[in-house]
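Text of entry-v5.cif (mmCIF, C-alpha atoms) as supplied:
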```cif
data_my_file
#
loop_
_atom_site.label_atom_id
_atom_site.label_comp_id
_atom_site.auth_asym_id
_atom_site.auth_seq_id
_atom_site.Cartn_x
_atom_site.Cartn_y
_atom_site.Cartn_z
CA MET A 1 5.28 41.35 -28.21
CA TYR A 2 4.10 42.36 -24.73
CA LYS A 3 5.59 39.44 -22.87
CA TYR A 4 7.29 41.14 -19.90
CA GLN A 5 6.32 44.77 -20.26
CA ASP A 6 2.82 44.30 -18.81
CA SER A 7 2.29 44.23 -15.06
CA ASP A 8 1.03 41.15 -13.29
CA GLU A 9 -2.35 42.78 -12.80
CA GLU A 10 -2.65 43.62 -16.53
CA LEU A 11 -1.73 40.07 -17.49
CA LEU A 12 -4.22 38.66 -14.99
CA GLN A 13 -6.92 40.98 -16.29
CA ARG A 14 -6.32 39.78 -19.88
CA LEU A 15 -6.38 36.20 -18.62
CA GLN A 16 -9.65 36.80 -16.75
CA LEU A 17 -11.44 38.62 -19.56
CA ASN A 18 -10.22 36.78 -22.66
CA ARG A 19 -8.63 33.62 -21.29
CA ASP A 20 -5.51 34.95 -22.97
CA ALA A 21 -2.95 32.10 -23.26
CA THR A 22 -0.11 34.55 -23.91
CA ALA A 23 -0.87 36.41 -20.68
CA PHE A 24 -0.99 33.09 -18.81
CA THR A 25 2.35 32.03 -20.33
CA SER A 26 3.91 35.33 -19.29
CA LEU A 27 2.77 34.86 -15.69
CA TYR A 28 3.94 31.25 -15.79
CA GLU A 29 7.41 32.17 -17.04
CA ARG A 30 7.63 35.05 -14.57
CA TYR A 31 6.85 32.95 -11.48
CA TRP A 32 7.64 29.31 -12.31
CA GLU A 33 11.26 29.24 -11.16
CA LYS A 34 10.66 31.29 -8.01
CA LEU A 35 7.73 29.13 -6.95
CA VAL A 36 9.57 25.87 -7.61
CA THR A 37 12.45 27.12 -5.47
CA LEU A 38 10.10 28.05 -2.63
CA ALA A 39 8.28 24.72 -2.89
CA TYR A 40 11.58 22.82 -2.95
CA ILE A 41 12.66 24.45 0.32
CA ARG A 42 9.57 23.05 2.01
CA LEU A 43 9.25 19.69 0.21
CA GLN A 44 12.94 18.80 -0.35
CA SER A 45 12.06 17.17 -3.67
CA THR A 46 12.37 18.80 -7.07
CA MET A 47 9.74 16.53 -8.58
CA ASP A 48 7.24 17.24 -5.77
CA ALA A 49 7.99 20.97 -5.94
CA GLN A 50 7.37 21.03 -9.69
CA GLU A 51 4.17 19.04 -9.27
CA VAL A 52 2.80 21.43 -6.65
CA VAL A 53 3.67 24.52 -8.72
CA GLN A 54 2.11 22.90 -11.78
CA GLU A 55 -1.09 22.40 -9.77
CA VAL A 56 -1.05 26.07 -8.73
CA PHE A 57 -0.83 27.20 -12.34
CA LEU A 58 -3.41 24.67 -13.45
CA ASP A 59 -5.83 26.05 -10.85
CA ILE A 60 -5.13 29.60 -12.05
CA TRP A 61 -5.89 28.59 -15.63
CA LYS A 62 -9.08 26.73 -14.66
CA ARG A 63 -10.33 29.50 -12.39
CA SER A 64 -9.02 32.45 -14.40
CA ASP A 65 -12.46 34.02 -14.80
CA ASN A 66 -13.19 33.66 -11.09
CA ILE A 67 -9.98 34.89 -9.39
CA HIS A 68 -10.39 37.82 -7.00
CA ILE A 69 -7.19 39.48 -5.83
CA ARG A 70 -7.14 41.76 -2.80
CA HIS A 71 -3.49 42.82 -2.82
CA SER A 72 -1.16 41.80 -5.63
CA PHE A 73 -0.82 38.80 -7.92
CA HIS A 74 2.51 38.02 -6.26
CA THR A 75 0.79 37.80 -2.85
CA TYR A 76 -2.04 35.75 -4.34
CA ILE A 77 0.21 33.20 -6.04
CA SER A 78 2.46 32.92 -2.96
CA ALA A 79 -0.56 32.15 -0.78
CA ALA A 80 -1.87 29.69 -3.38
CA LEU A 81 1.48 27.92 -3.33
CA LYS A 82 1.49 27.83 0.48
CA TYR A 83 -1.94 26.18 0.57
CA LYS A 84 -1.02 23.71 -2.20
CA ILE A 85 2.08 22.68 -0.23
CA ILE A 86 0.00 22.22 2.93
CA THR A 87 -2.51 20.12 0.99
CA PHE A 88 0.28 18.12 -0.63
CA LEU A 89 1.95 17.41 2.73
CA ALA A 90 -1.36 16.44 4.31
CA ARG A 91 -2.08 14.07 1.41
CA ARG A 92 1.42 12.57 1.72
CA LYS A 93 0.98 12.11 5.48
CA HIS A 94 -2.41 10.50 4.92
CA GLU A 95 -0.89 8.09 2.37
CA THR A 96 2.02 7.29 4.70
CA ASP A 97 -0.36 6.67 7.61
CA ARG A 98 -2.60 4.54 5.40
CA GLN A 99 0.35 2.51 4.16
CA ALA A 100 1.63 2.05 7.71
CA MET A 101 -1.81 0.88 8.78
CA LEU A 102 -1.94 -1.58 5.86
CA ASN A 103 1.53 -2.85 6.70
CA GLN A 104 0.51 -3.21 10.35
CA SER A 105 -2.62 -5.05 9.28
CA GLU A 106 -0.54 -7.41 7.10
CA THR A 107 1.87 -7.96 9.99
CA ASP A 108 -0.99 -8.67 12.36
CA THR A 109 -2.52 -11.12 9.91
CA SER A 110 0.76 -12.93 9.34
CA THR A 111 1.32 -13.22 13.09
CA GLU A 112 -2.18 -14.56 13.52
CA GLN A 113 -1.65 -17.02 10.68
CA TRP A 114 1.66 -18.13 12.18
CA LEU A 115 0.01 -18.71 15.55
CA SER A 116 -2.82 -20.64 13.89
CA TYR A 117 -0.27 -22.72 12.01
CA GLN A 118 1.65 -23.40 15.22
CA GLN A 119 -1.56 -24.39 17.00
CA LEU A 120 -2.43 -26.76 14.16
CA ARG A 121 1.06 -28.30 14.22
CA ASP A 122 0.91 -28.77 18.00
CA GLU A 123 -2.51 -30.39 17.78
CA LEU A 124 -1.31 -32.64 14.95
CA GLU A 125 1.77 -33.69 16.92
CA ASN A 126 -0.31 -34.47 20.02
CA THR A 127 -2.70 -36.58 17.97
CA VAL A 128 0.16 -38.50 16.33
CA ARG A 129 1.77 -39.13 19.75
CA ALA A 130 -1.54 -40.55 20.99
CA LEU A 131 -1.53 -43.22 18.24
CA PRO A 132 -0.38 -46.75 19.06
CA GLU A 133 3.38 -47.14 18.65
CA LYS A 134 3.34 -49.17 15.40
CA CYS A 135 0.65 -46.93 13.87
CA GLN A 136 2.62 -43.82 14.85
CA LEU A 137 5.79 -45.26 13.32
CA VAL A 138 4.05 -46.08 10.04
CA PHE A 139 2.52 -42.60 9.86
CA ARG A 140 5.84 -40.85 10.52
CA LEU A 141 7.70 -42.98 7.97
CA SER A 142 5.05 -42.11 5.40
CA ARG A 143 4.45 -38.41 6.09
CA GLU A 144 7.72 -37.22 7.58
CA ASN A 145 10.21 -39.42 5.74
CA GLY A 146 8.22 -39.71 2.51
CA LEU A 147 8.44 -43.50 2.24
CA SER A 148 5.96 -45.43 0.12
CA GLU A 149 3.79 -48.19 1.57
CA LYS A 150 6.07 -50.85 0.01
CA GLN A 151 9.18 -49.19 1.50
CA ILE A 152 7.56 -48.98 4.93
CA ALA A 153 6.51 -52.65 4.70
CA ALA A 154 10.08 -53.65 3.80
CA THR A 155 11.61 -51.45 6.52
CA LEU A 156 9.33 -52.73 9.31
CA ASN A 157 9.16 -56.27 7.94
CA ILE A 158 5.34 -56.22 7.77
CA SER A 159 2.87 -56.65 4.91
CA VAL A 160 1.67 -53.80 2.69
CA LYS A 161 -1.89 -54.51 3.88
CA THR A 162 -0.78 -53.96 7.50
CA VAL A 163 0.85 -50.65 6.48
CA GLU A 164 -2.41 -49.62 4.76
CA ALA A 165 -4.39 -50.54 7.88
CA HIS A 166 -2.08 -48.49 10.14
CA MET A 167 -2.27 -45.49 7.76
CA SER A 168 -6.09 -45.70 7.60
CA ARG A 169 -6.27 -45.81 11.39
CA ALA A 170 -3.84 -42.86 11.75
CA LEU A 171 -5.67 -40.71 9.20
CA ARG A 172 -9.09 -41.52 10.69
CA SER A 173 -7.77 -40.57 14.13
CA LEU A 174 -6.31 -37.31 12.77
CA ARG A 175 -9.54 -36.39 10.98
CA THR A 176 -11.56 -36.97 14.15
CA SER A 177 -9.11 -35.15 16.40
CA LEU A 178 -8.58 -32.16 14.10
CA ARG A 179 -12.20 -31.73 12.95
CA HIS A 180 -12.81 -28.83 15.37
CA LEU A 181 -9.69 -27.06 14.07
CA TYR A 182 -10.73 -27.64 10.47
CA PHE A 183 -13.94 -25.70 11.05
CA PHE A 184 -12.07 -22.97 12.93
CA PHE A 185 -9.48 -22.42 10.18
CA PHE A 186 -11.49 -22.95 7.05
CA LEU A 187 -14.85 -21.37 7.74
#
```

Can the structure from this file be put into structure tokens for me?
Amino acid sequence: MYKYQDSDEELLQRLQLNRDATAFTSLYERYWEKLVTLAYIRLQSTMDAQEVVQEVFLDIWKRSDNIHIRHSFHTYISAALKYKIITFLARRKHETDRQAMLNQSETDTSTEQWLSYQQLRDELENTVRALPEKCQLVFRLSRENGLSEKQIAATLNISVKTVEAHMSRALRSLRTSLRHLYFFFFL
């Protein structure tokens, strides 16, 4: 056939006039390896280089009837590759910057959440310390040590009803004291 005997300009002309797939394939085979090598030098990734060159050839196929060449096809395709690489690098930088911004945003949020959590813990501890001694002891045995009301009653040698009364008082005091924080954190 006429695979390599036609010039680039003749192949491009056939591609432009008839959307000739054979002419396109000839140009593709003629330039693919050279362009991938050039793209690899700039991108340092075979996969990225192949992707960029594939985009160049895809654009040529899509715009085949609308390509205007001033000098030679070689100059045209080299310039097309250059601009595709620039676009690819700009897109990659944009994605990297976007990802960094998202990561920064996540970091900022986690720091803010940690500070909010610390503030809540400090407020909770201050409220528990303000409870009467026996009430504070019952609350800590229940919430920090995980003892049941019966276990607390046995440990402190008091009735279960007294334990319930101390817990009710402690929880009521906590609700009142932490109400302003509840609205701050959960609204």

*asked:* Within 12 Å of (7.3, -47.8, 0.6) in the file's own coordinates, which protein, DNA or RNA residues have an atom, counting all atoms listed in the file? List them as a PyMOL selection string.
replied: chain A and resi 138-139+141-143+145-161+163-164

*Name every residue that the PyMOL selection byres ((chain A and resi 55) around 12) selects in this structure, writing the answer as a list in words with chains first and numbers rising.*
Tyr28, Trp32, Leu35, Val36, Ala39, Asp48, Ala49, Gln50, Glu51, Val52, Val53, Gln54, Val56, Phe57, Leu58, Asp59, Ile60, Trp61, Lys62, Arg63, Ile77, Ala80, Leu81, Lys82, Tyr83, Lys84, Ile85, Thr87 and Phe88 of chain A

Could those residues be written to a file, using C-alpha atoms, as a PDB file, in the coordinates of the input?
```pdb
ATOM      1  CA  TYR A  28       3.940  31.250 -15.790  1.00  0.00           C
ATOM      2  CA  TRP A  32       7.640  29.310 -12.310  1.00  0.00           C
ATOM      3  CA  LEU A  35       7.730  29.130  -6.950  1.00  0.00           C
ATOM      4  CA  VAL A  36       9.570  25.870  -7.610  1.00  0.00           C
ATOM      5  CA  ALA A  39       8.280  24.720  -2.890  1.00  0.00           C
ATOM      6  CA  ASP A  48       7.240  17.240  -5.770  1.00  0.00           C
ATOM      7  CA  ALA A  49       7.990  20.970  -5.940  1.00  0.00           C
ATOM      8  CA  GLN A  50       7.370  21.030  -9.690  1.00  0.00           C
ATOM      9  CA  GLU A  51       4.170  19.040  -9.270  1.00  0.00           C
ATOM     10  CA  VAL A  52       2.800  21.430  -6.650  1.00  0.00           C
ATOM     11  CA  VAL A  53       3.670  24.520  -8.720  1.00  0.00           C
ATOM     12  CA  GLN A  54       2.110  22.900 -11.780  1.00  0.00           C
ATOM     13  CA  VAL A  56      -1.050  26.070  -8.730  1.00  0.00           C
ATOM     14  CA  PHE A  57      -0.830  27.200 -12.340  1.00  0.00           C
ATOM     15  CA  LEU A  58      -3.410  24.670 -13.450  1.00  0.00           C
ATOM     16  CA  ASP A  59      -5.830  26.050 -10.850  1.00  0.00           C
ATOM     17  CA  ILE A  60      -5.130  29.600 -12.050  1.00  0.00           C
ATOM     18  CA  TRP A  61      -5.890  28.590 -15.630  1.00  0.00           C
ATOM     19  CA  LYS A  62      -9.080  26.730 -14.660  1.00  0.00           C
ATOM     20  CA  ARG A  63     -10.330  29.500 -12.390  1.00  0.00           C
ATOM     21  CA  ILE A  77       0.210  33.200  -6.040  1.00  0.00           C
ATOM     22  CA  ALA A  80      -1.870  29.690  -3.380  1.00  0.00           C
ATOM     23  CA  LEU A  81       1.480  27.920  -3.330  1.00  0.00           C
ATOM     24  CA  LYS A  82       1.490  27.830   0.480  1.00  0.00           C
ATOM     25  CA  TYR A  83      -1.940  26.180   0.570  1.00  0.00           C
ATOM     26  CA  LYS A  84      -1.020  23.710  -2.200  1.00  0.00           C
ATOM     27  CA  ILE A  85       2.080  22.680  -0.230  1.00  0.00           C
ATOM     28  CA  THR A  87      -2.510  20.120   0.990  1.00  0.00           C
ATOM     29  CA  PHE A  88       0.280  18.120  -0.630  1.00  0.00           C
TER      30      PHE A  88
END
```

*For the point (1.7, -41.9, 12.9) in the file's frame, write as a PyMOL selection string all residues with an atom no more than 10 Å away, counting all atoms listed in the file.*
chain A and resi 124-125+127-144+166-167+169-171+173-174

*Could you state the separation of atom CA of Leu15 of chain A and atom CA of Glu29 of chain A in Å, given to one decimal place?*
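Between atom CA of Leu15 of chain A and atom CA of Glu29 of chain A the gap works out to 14.5 Å.
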
Could you give me, as an mmCIF file with C-alpha atoms, in the frame of the given file, the residues within 9 Å of Gln16 of chain A, counting only C-alpha atoms and dropping anything in the same chain fewer than 5 positions from it?
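Output file out-v3.cif follows:
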```cif
data_model
loop_
_atom_site.group_PDB
_atom_site.id
_atom_site.type_symbol
_atom_site.label_atom_id
_atom_site.label_comp_id
_atom_site.auth_asym_id
_atom_site.auth_seq_id
_atom_site.Cartn_x
_atom_site.Cartn_y
_atom_site.Cartn_z
ATOM 1 C CA LEU A 11 -1.730 40.070 -17.490
ATOM 2 C CA ARG A 63 -10.330 29.500 -12.390
ATOM 3 C CA SER A 64 -9.020 32.450 -14.400
ATOM 4 C CA ASP A 65 -12.460 34.020 -14.800
ATOM 5 C CA ASN A 66 -13.190 33.660 -11.090
ATOM 6 C CA ILE A 67 -9.980 34.890 -9.390
#
```
